[in-house]
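In what follows, a single structure is set out as structure tokens and then discussed.
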Amino acid sequence: MWNALGSLMTSRAGSPSKDKSTNDISGDSISKKTLSELREQYALLSEDAKQLMTEKMFLENELSQLKKRVNRLDEEIRSLRTPPYIIGNIQDVIGEKVVVRSSNGTIFLVSKNPRIDNSKILPGVRVSMNQDTLAVIDILEDAFDPLVSGAEIIEKPNINYSDLGGLDEQIREVRDAIELSLEKPESFEKFGIQPPKGVLLTGPPGTGKTMLAKAVASHTNATFLGLVGSELAQKYIGEGGRMVRELFSLARKKSPCIIFIDEIDAIGSKRLDSSTSGDREVQRTLMQLLSELDGFNSLDNVKVIAATNRPELLDKALLRPGRFDRIVEIPLPNIEGREAIFNVHARKMPLDKNVDFSKLSIITEGYSGAEIKAITIDVGMKAISEGVSKCKMSHFKDAISSIDTKRKGVQNNGPDRLYG
Ligand SMILES: Nc1ncnc2c1ncn2[C@@H]1O[C@H](COP(=O)(O)OP(=O)(O)OP(=O)(O)O)[C@@H](O)[C@H]1O
Ligand SMILES: [Mg+2]
């Protein structure tokens, strides 16, 4: 703009000696020209100004965002630099002071953060404490052993009752004991009876005990906590008992809940006068399990399913009514059961017309469900390797005879022979 004015002034100043008339004409044209030029320039400049204004606003916005980020990062750095807190448990409350037990077992009388709600400060609660003064800083939630909290089966197994062949009676018993009392606790109250607390599944290996429990898991809406008995047998004294206690307290918190303990013989075997410290620890775990089974109210909506293939090893105390009220025996499948299991496992196999499961079930006397499954896998693999499109009866017979020889082999070459 100043340039334009300057040029205007110099153009005026530079023409005093010129003739008046010519001066007038040229003056007019110049002023017209410069005026339009000036307008144009003004428009351009105001456009520029607008742009700069929006740019300024944009930058101011960015600046405030960056300031916020700096604050957040400062906060993060500060929290990373704070010294670690000690974890302990409250033992007692004395006026404004609390008695805490730190993780190494020493007991202290300390002050507490005045902002903590007094009603939350109860004996047994887990707290974080300042490292120097051990003052209680905050209340923490109860923690569960990772093994216990990890026992929750979030993704339900995709197993249906219809995937189990020949176990209709057993399925009915388990469903009655577990599902009925979880779904209709009020009916039990009305009849004045206590619903069963637990079911023990017993039977030879490979007869579908684990599978039945998984089917219950996928069928109910209850939380399902599943673990193997051996996971509860721990190395350190008191650990197994603590885990059982945490398992049941987690179950009660998440009720309705089903606890499934597979291979329970790992901790439930008879208490003998054995003397190794490992045995004693396993027995302590069993005692904790017995007292938890007694302790929880059967209407607490917590049910226990356990499975074992060595029921004769189990402690009698586990088997009395009031603990595992129902003992469901899953025997080796009978002839109809075997046919049903063949049907389940060969459901998706392309079969030749002459394949007759009723005949196959006659020659597979004494086979377990797992062995029948192994036969169908064998047959499928043979058909694939031969390049045929359907499984034939001869494939089944071959597979059965090869499994037969393996079974005989085990009988004749089993570990007993080493000592015989
Ligand atoms: N009644 C059945 N119907 C269909 N499949 C079965 C049946 N019984 C066993 N099976 C098959 O056998 C496999 C092994 O069964 P499962 O793991 O339930 O045995 P288990 O009784 O728990 O044995 P263990 O006592 O050795 O633990 C299953 O994956 C399943 O495919
Ligand atoms: Mg099993």
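Quick note on naming: the chains in the structure tokens go A, B, ... in the order shown, residues restart at 1 in each chain, and ligands are numbered from 1 in order of appearance.
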Next item on the list: Per DSSP on the backbone, filter segment 192-413 of chain A down to the residues in strand (DSSP E) and report them as a PyMOL selection string.
Entry: chain A and resi 198-202+223-228+257-262+302-308+326-329
Generate the output file for the selected residues, C-alpha atoms, as a tab-separated table (two decimals), in the first residue's frame.
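Done, and the output landed in again15.tsv:
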chain	number	residue	atom	x	y	z
A	198	GLY	CA	-21.35	-80.87	43.50
A	199	VAL	CA	-21.11	-83.73	41.06
A	200	LEU	CA	-18.26	-86.16	40.78
A	201	LEU	CA	-17.77	-87.81	37.40
A	202	THR	CA	-15.97	-91.11	37.60
A	223	THR	CA	-19.18	-68.33	34.96
A	224	PHE	CA	-17.05	-71.41	34.50
A	225	LEU	CA	-13.81	-71.81	36.45
A	226	GLY	CA	-11.88	-74.79	35.19
A	227	LEU	CA	-8.61	-76.15	36.49
A	228	VAL	CA	-6.74	-79.39	36.85
A	257	CYS	CA	-20.56	-70.07	38.90
A	258	ILE	CA	-19.44	-73.63	38.20
A	259	ILE	CA	-16.04	-74.80	39.39
A	260	PHE	CA	-14.64	-77.72	37.41
A	261	ILE	CA	-11.71	-79.61	38.91
A	262	ASP	CA	-10.43	-82.20	36.45
A	302	VAL	CA	-21.71	-72.11	43.23
A	303	LYS	CA	-21.55	-75.68	41.97
A	304	VAL	CA	-18.57	-77.96	41.80
A	305	ILE	CA	-17.96	-80.60	39.15
A	306	ALA	CA	-14.98	-82.87	39.59
A	307	ALA	CA	-13.72	-85.68	37.41
A	308	THR	CA	-11.43	-88.60	38.07
A	326	ARG	CA	-23.97	-86.92	43.19
A	327	ILE	CA	-21.51	-89.44	41.92
A	328	VAL	CA	-22.15	-90.00	38.24
A	329	GLU	CA	-20.42	-93.04	36.90
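Residues lying within 9 Å of Lys353 of chain A, counting only C-alpha atoms and ignoring same-chain neighbours fewer than 2 positions away, are Leu351, Val355, Asp356, Lys392 and Met393 of chain A.
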Written selection (N, CA and C atoms) as a CSV table (one decimal), in the first residue's frame:
chain,number,residue,atom,x,y,z
A,351,LEU,N,-19.2,-91.6,3.7
A,351,LEU,CA,-19.1,-93.0,4.0
A,351,LEU,C,-19.7,-93.8,2.8
A,355,VAL,N,-21.0,-99.3,5.0
A,355,VAL,CA,-20.5,-99.1,6.4
A,355,VAL,C,-21.6,-99.2,7.3
A,356,ASP,N,-21.5,-100.2,8.3
A,356,ASP,CA,-22.6,-100.4,9.2
A,356,ASP,C,-22.1,-100.3,10.6
A,392,LYS,N,-14.5,-96.9,3.5
A,392,LYS,CA,-15.2,-98.2,3.3
A,392,LYS,C,-15.2,-98.9,4.6
A,393,MET,N,-16.0,-100.0,4.6
A,393,MET,CA,-16.1,-100.8,5.8
A,393,MET,C,-14.8,-101.5,6.1
Item checked: Two-atom distance - atom CA of Val93 of chain A, atom CA of Asp132 of chain A (Å) -> 20.3 Å
Wanna dump the chain A-ligand 2 contacts at 7 Å for me, each residue with its shortest atom pair and the distance in Å to one decimal, counting only C-alpha atoms and all ligand atoms, ordered by chain and number, as JSON lines?
{"residue": "A:Pro205", "atom": "CA", "partner": "ligand 2", "partner_atom_place_in_ligand_line": "1 (Mg)", "distance": 7.0}
{"residue": "A:Gly206", "atom": "CA", "partner": "ligand 2", "partner_atom_place_in_ligand_line": "1 (Mg)", "distance": 6.9}
{"residue": "A:Lys209", "atom": "CA", "partner": "ligand 2", "partner_atom_place_in_ligand_line": "1 (Mg)", "distance": 5.5}
{"residue": "A:Thr210", "atom": "CA", "partner": "ligand 2", "partner_atom_place_in_ligand_line": "1 (Mg)", "distance": 4.2}
{"residue": "A:Asp262", "atom": "CA", "partner": "ligand 2", "partner_atom_place_in_ligand_line": "1 (Mg)", "distance": 6.3}
{"residue": "A:Glu263", "atom": "CA", "partner": "ligand 2", "partner_atom_place_in_ligand_line": "1 (Mg)", "distance": 6.6}
{"residue": "A:Ala307", "atom": "CA", "partner": "ligand 2", "partner_atom_place_in_ligand_line": "1 (Mg)", "distance": 6.8}
For His345 of chain A: contacts at 10 Å, only C-alpha atoms, fewer than 4 positions along chain excluded, given as a PDB file with N, CA and C atoms, in the first residue's frame:
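And here's around30.pdb as it stands now:
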ATOM      1  N   ASP A 163     -22.849 -83.909  21.076  1.00  0.00           N
ATOM      2  CA  ASP A 163     -21.552 -84.440  20.647  1.00  0.00           C
ATOM      3  C   ASP A 163     -21.137 -85.648  21.482  1.00  0.00           C
ATOM      4  N   LEU A 164     -21.909 -85.926  22.529  1.00  0.00           N
ATOM      5  CA  LEU A 164     -21.579 -87.055  23.398  1.00  0.00           C
ATOM      6  C   LEU A 164     -22.499 -88.221  23.043  1.00  0.00           C
ATOM      7  N   GLY A 165     -21.891 -89.324  22.665  1.00  0.00           N
ATOM      8  CA  GLY A 165     -22.718 -90.461  22.271  1.00  0.00           C
ATOM      9  C   GLY A 165     -22.972 -91.394  23.427  1.00  0.00           C
ATOM     10  N   ALA A 340     -23.603 -95.016  18.927  1.00  0.00           N
ATOM     11  CA  ALA A 340     -23.873 -93.565  18.966  1.00  0.00           C
ATOM     12  C   ALA A 340     -22.570 -92.780  18.826  1.00  0.00           C
ATOM     13  N   ILE A 341     -21.490 -93.268  19.478  1.00  0.00           N
ATOM     14  CA  ILE A 341     -20.206 -92.540  19.398  1.00  0.00           C
ATOM     15  C   ILE A 341     -19.656 -92.603  17.971  1.00  0.00           C
ATOM     16  N   MET A 349     -18.018 -87.539   7.888  1.00  0.00           N
ATOM     17  CA  MET A 349     -17.173 -88.322   6.969  1.00  0.00           C
ATOM     18  C   MET A 349     -17.999 -88.819   5.787  1.00  0.00           C
ATOM     19  N   GLY A 369     -14.728 -94.264  24.359  1.00  0.00           N
ATOM     20  CA  GLY A 369     -15.094 -93.245  23.380  1.00  0.00           C
ATOM     21  C   GLY A 369     -13.862 -92.708  22.663  1.00  0.00           C
ATOM     22  N   ILE A 372     -12.721 -95.097  20.022  1.00  0.00           N
ATOM     23  CA  ILE A 372     -13.591 -95.069  18.836  1.00  0.00           C
ATOM     24  C   ILE A 372     -13.287 -93.835  17.995  1.00  0.00           C
ATOM     25  N   LYS A 373     -13.008 -92.739  18.677  1.00  0.00           N
ATOM     26  CA  LYS A 373     -12.624 -91.525  17.934  1.00  0.00           C
ATOM     27  C   LYS A 373     -11.318 -91.792  17.172  1.00  0.00           C
ATOM     28  N   ALA A 374     -10.377 -92.475  17.845  1.00  0.00           N
ATOM     29  CA  ALA A 374      -9.101 -92.778  17.193  1.00  0.00           C
ATOM     30  C   ALA A 374      -9.326 -93.641  15.951  1.00  0.00           C
ATOM     31  N   ILE A 375     -10.294 -94.576  16.026  1.00  0.00           N
ATOM     32  CA  ILE A 375     -10.590 -95.425  14.858  1.00  0.00           C
ATOM     33  C   ILE A 375     -11.046 -94.552  13.694  1.00  0.00           C
ATOM     34  N   THR A 376     -11.973 -93.655  13.958  1.00  0.00           N
ATOM     35  CA  THR A 376     -12.500 -92.842  12.847  1.00  0.00           C
ATOM     36  C   THR A 376     -11.398 -91.964  12.240  1.00  0.00           C
ATOM     37  N   ILE A 377     -10.492 -91.476  13.094  1.00  0.00           N
ATOM     38  CA  ILE A 377      -9.390 -90.656  12.547  1.00  0.00           C
ATOM     39  C   ILE A 377      -8.496 -91.526  11.658  1.00  0.00           C
TER      40      ILE A 377
END
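Using only C-alpha atoms and all ligand atoms, the smallest distance between any of A:Arg81, A:Lys190, A:Lys214, A:Lys156 and ligand 1 comes from A:Lys214.
Between ligand 1 and the residues A:Met287, A:Ile400, A:Ile159, A:Val99, the shortest atom-to-atom distance, using only C-alpha atoms and all ligand atoms, involves A:Ile159.
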Item checked: Nearby residues (only C-alpha atoms) at most 12 Å from Val136 of chain A, same-chain spacing under 2 positions excluded, as number ranges by chain -> A: 85-90, 93, 96-102, 108-118, 121, 125-134, 138-140
Next item on the list: Find the spatial neighbours of segment 245-255 of chain A, counting only C-alpha atoms, within a cut-off of 8 Å - ignore same-chain residues fewer than 6 positions away - and output them as a PyMOL selection string.
Entry: chain A and resi 144-145+148-149+222-223+225+288-289+292+300-302
Would you write out those residues with N, CA and C atoms, as an mmCIF file, in the first residue's frame?
data_model
loop_
_atom_site.group_PDB
_atom_site.id
_atom_site.type_symbol
_atom_site.label_atom_id
_atom_site.label_comp_id
_atom_site.auth_asym_id
_atom_site.auth_seq_id
_atom_site.Cartn_x
_atom_site.Cartn_y
_atom_site.Cartn_z
ATOM 1 N N PHE A 144 -6.437 -62.071 43.346
ATOM 2 C CA PHE A 144 -6.518 -63.520 43.259
ATOM 3 C C PHE A 144 -5.249 -64.021 42.596
ATOM 4 N N ASP A 145 -4.839 -65.205 42.989
ATOM 5 C CA ASP A 145 -3.674 -65.808 42.363
ATOM 6 C C ASP A 145 -3.915 -65.859 40.850
ATOM 7 N N VAL A 148 -5.626 -68.802 39.663
ATOM 8 C CA VAL A 148 -7.058 -68.885 39.971
ATOM 9 C C VAL A 148 -7.853 -67.970 39.052
ATOM 10 N N SER A 149 -7.385 -66.710 38.924
ATOM 11 C CA SER A 149 -8.165 -65.806 38.070
ATOM 12 C C SER A 149 -8.072 -66.234 36.614
ATOM 13 N N ALA A 222 -23.616 -69.554 33.384
ATOM 14 C CA ALA A 222 -22.831 -69.302 34.593
ATOM 15 C C ALA A 222 -21.361 -69.132 34.239
ATOM 16 N N THR A 223 -20.638 -68.421 35.123
ATOM 17 C CA THR A 223 -19.181 -68.333 34.957
ATOM 18 C C THR A 223 -18.605 -69.721 35.166
ATOM 19 N N LEU A 225 -15.222 -71.824 36.052
ATOM 20 C CA LEU A 225 -13.813 -71.810 36.454
ATOM 21 C C LEU A 225 -13.286 -73.230 36.309
ATOM 22 N N GLN A 288 -8.549 -78.050 52.992
ATOM 23 C CA GLN A 288 -9.129 -76.741 52.666
ATOM 24 C C GLN A 288 -10.307 -76.922 51.712
ATOM 25 N N LEU A 289 -10.146 -77.854 50.755
ATOM 26 C CA LEU A 289 -11.220 -78.110 49.794
ATOM 27 C C LEU A 289 -12.458 -78.650 50.520
ATOM 28 N N GLU A 292 -14.105 -75.839 52.384
ATOM 29 C CA GLU A 292 -14.790 -74.910 51.478
ATOM 30 C C GLU A 292 -16.099 -75.520 50.992
ATOM 31 N N ASP A 300 -25.726 -70.757 47.381
ATOM 32 C CA ASP A 300 -24.815 -69.677 47.000
ATOM 33 C C ASP A 300 -24.657 -69.560 45.494
ATOM 34 N N ASN A 301 -25.249 -70.453 44.774
ATOM 35 C CA ASN A 301 -25.109 -70.466 43.323
ATOM 36 C C ASN A 301 -23.709 -70.806 42.865
ATOM 37 N N VAL A 302 -23.008 -71.592 43.666
ATOM 38 C CA VAL A 302 -21.712 -72.107 43.230
ATOM 39 C C VAL A 302 -21.822 -73.627 43.202
#
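Closest approach to ligand 1 from the set A:Thr34, A:Gln65, A:Asn160, A:Ser187 is made by A:Asn160, with distances taken over only C-alpha atoms and all ligand atoms.
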Next item on the list: Assign secondary structure with DSSP using the backbone only, and return the residues of segment 65-262 of chain A in helix (DSSP H, G or I) as a VMD selection string.
Entry: chain A and resid 65 to 81 118 to 120 146 to 149 161 to 163 168 to 183 185 to 191 209 to 219 229 to 232 239 to 253
Could you write those residues out with C-alpha atoms, as a JSON list (two decimals), in the first residue's frame?
[["chain", "number", "residue", "atom", "x", "y", "z"],
["A", 65, "GLN", "CA", -2.90, -28.61, 22.36],
["A", 66, "LEU", "CA", 0.85, -28.95, 22.65],
["A", 67, "LYS", "CA", 0.71, -27.29, 26.06],
["A", 68, "LYS", "CA", -1.85, -29.84, 27.18],
["A", 69, "ARG", "CA", 0.36, -32.66, 25.89],
["A", 70, "VAL", "CA", 3.37, -31.26, 27.72],
["A", 71, "ASN", "CA", 1.31, -31.18, 30.92],
["A", 72, "ARG", "CA", 0.22, -34.77, 30.41],
["A", 73, "LEU", "CA", 3.76, -35.96, 29.76],
["A", 74, "ASP", "CA", 4.97, -34.01, 32.80],
["A", 75, "GLU", "CA", 2.32, -35.80, 34.84],
["A", 76, "GLU", "CA", 3.44, -39.16, 33.44],
["A", 77, "ILE", "CA", 7.08, -38.46, 34.25],
["A", 78, "ARG", "CA", 6.11, -37.44, 37.76],
["A", 79, "SER", "CA", 4.13, -40.65, 38.29],
["A", 80, "LEU", "CA", 7.01, -42.73, 36.90],
["A", 81, "ARG", "CA", 9.37, -41.04, 39.32],
["A", 118, "ASN", "CA", -13.16, -44.65, 57.10],
["A", 119, "SER", "CA", -15.81, -47.28, 56.38],
["A", 120, "LYS", "CA", -13.46, -48.94, 53.89],
["A", 146, "PRO", "CA", -3.09, -65.53, 38.59],
["A", 147, "LEU", "CA", -3.66, -69.28, 38.34],
["A", 148, "VAL", "CA", -7.06, -68.89, 39.97],
["A", 149, "SER", "CA", -8.16, -65.81, 38.07],
["A", 161, "TYR", "CA", -24.57, -82.46, 24.60],
["A", 162, "SER", "CA", -25.32, -83.97, 21.19],
["A", 163, "ASP", "CA", -21.55, -84.44, 20.65],
["A", 168, "ASP", "CA", -28.02, -89.62, 27.78],
["A", 169, "GLU", "CA", -28.65, -90.89, 31.29],
["A", 170, "GLN", "CA", -25.45, -89.33, 32.67],
["A", 171, "ILE", "CA", -26.12, -86.04, 30.90],
["A", 172, "ARG", "CA", -29.58, -85.92, 32.48],
["A", 173, "GLU", "CA", -28.17, -86.54, 35.96],
["A", 174, "VAL", "CA", -25.53, -83.84, 35.63],
["A", 175, "ARG", "CA", -27.97, -81.33, 34.16],
["A", 176, "ASP", "CA", -30.44, -82.01, 36.96],
["A", 177, "ALA", "CA", -27.83, -81.51, 39.61],
["A", 178, "ILE", "CA", -26.18, -78.42, 38.14],
["A", 179, "GLU", "CA", -28.50, -76.59, 35.79],
["A", 180, "LEU", "CA", -31.74, -77.14, 37.66],
["A", 181, "SER", "CA", -30.44, -75.71, 40.91],
["A", 182, "LEU", "CA", -28.71, -72.78, 39.20],
["A", 183, "GLU", "CA", -31.77, -71.88, 37.19],
["A", 185, "PRO", "CA", -33.07, -72.03, 43.24],
["A", 186, "GLU", "CA", -36.47, -70.77, 44.44],
["A", 187, "SER", "CA", -38.10, -74.15, 43.72],
["A", 188, "PHE", "CA", -35.60, -75.83, 45.98],
["A", 189, "GLU", "CA", -36.37, -73.30, 48.69],
["A", 190, "LYS", "CA", -40.08, -73.91, 48.24],
["A", 191, "PHE", "CA", -39.63, -77.63, 48.71],
["A", 209, "LYS", "CA", -15.86, -87.04, 31.53],
["A", 210, "THR", "CA", -13.90, -83.94, 30.62],
["A", 211, "MET", "CA", -16.03, -83.55, 27.53],
["A", 212, "LEU", "CA", -19.25, -83.69, 29.53],
["A", 213, "ALA", "CA", -18.01, -80.93, 31.85],
["A", 214, "LYS", "CA", -17.07, -78.83, 28.82],
["A", 215, "ALA", "CA", -20.56, -79.35, 27.40],
["A", 216, "VAL", "CA", -22.03, -78.09, 30.69],
["A", 217, "ALA", "CA", -19.72, -75.05, 30.41],
["A", 218, "SER", "CA", -20.86, -74.21, 26.93],
["A", 219, "HIS", "CA", -24.49, -74.77, 27.81],
["A", 229, "GLY", "CA", -6.23, -80.90, 40.30],
["A", 230, "SER", "CA", -2.46, -80.93, 39.88],
["A", 231, "GLU", "CA", -2.46, -77.12, 39.55],
["A", 232, "LEU", "CA", -3.63, -76.96, 43.14],
["A", 239, "GLU", "CA", 0.00, -72.20, 48.91],
["A", 240, "GLY", "CA", -2.42, -74.91, 47.76],
["A", 241, "GLY", "CA", -4.85, -74.17, 50.59],
["A", 242, "ARG", "CA", -4.71, -70.47, 49.81],
["A", 243, "MET", "CA", -5.45, -71.18, 46.15],
["A", 244, "VAL", "CA", -8.49, -73.30, 47.02],
["A", 245, "ARG", "CA", -9.73, -70.50, 49.27],
["A", 246, "GLU", "CA", -9.22, -67.91, 46.54],
["A", 247, "LEU", "CA", -10.87, -70.18, 43.99],
["A", 248, "PHE", "CA", -14.04, -70.40, 46.04],
["A", 249, "SER", "CA", -14.04, -66.72, 46.94],
["A", 250, "LEU", "CA", -13.69, -65.81, 43.25],
["A", 251, "ALA", "CA", -16.51, -68.23, 42.46],
["A", 252, "ARG", "CA", -18.77, -66.60, 45.04],
["A", 253, "LYS", "CA", -17.92, -63.16, 43.69]]
Notebook entry, point to check: Looking at A:Gly150, A:Gly409, A:Gly337, A:Gly192, which one is nearest to ligand 1, with distances taken over only C-alpha atoms and all ligand atoms?
Noted result: A:Gly337
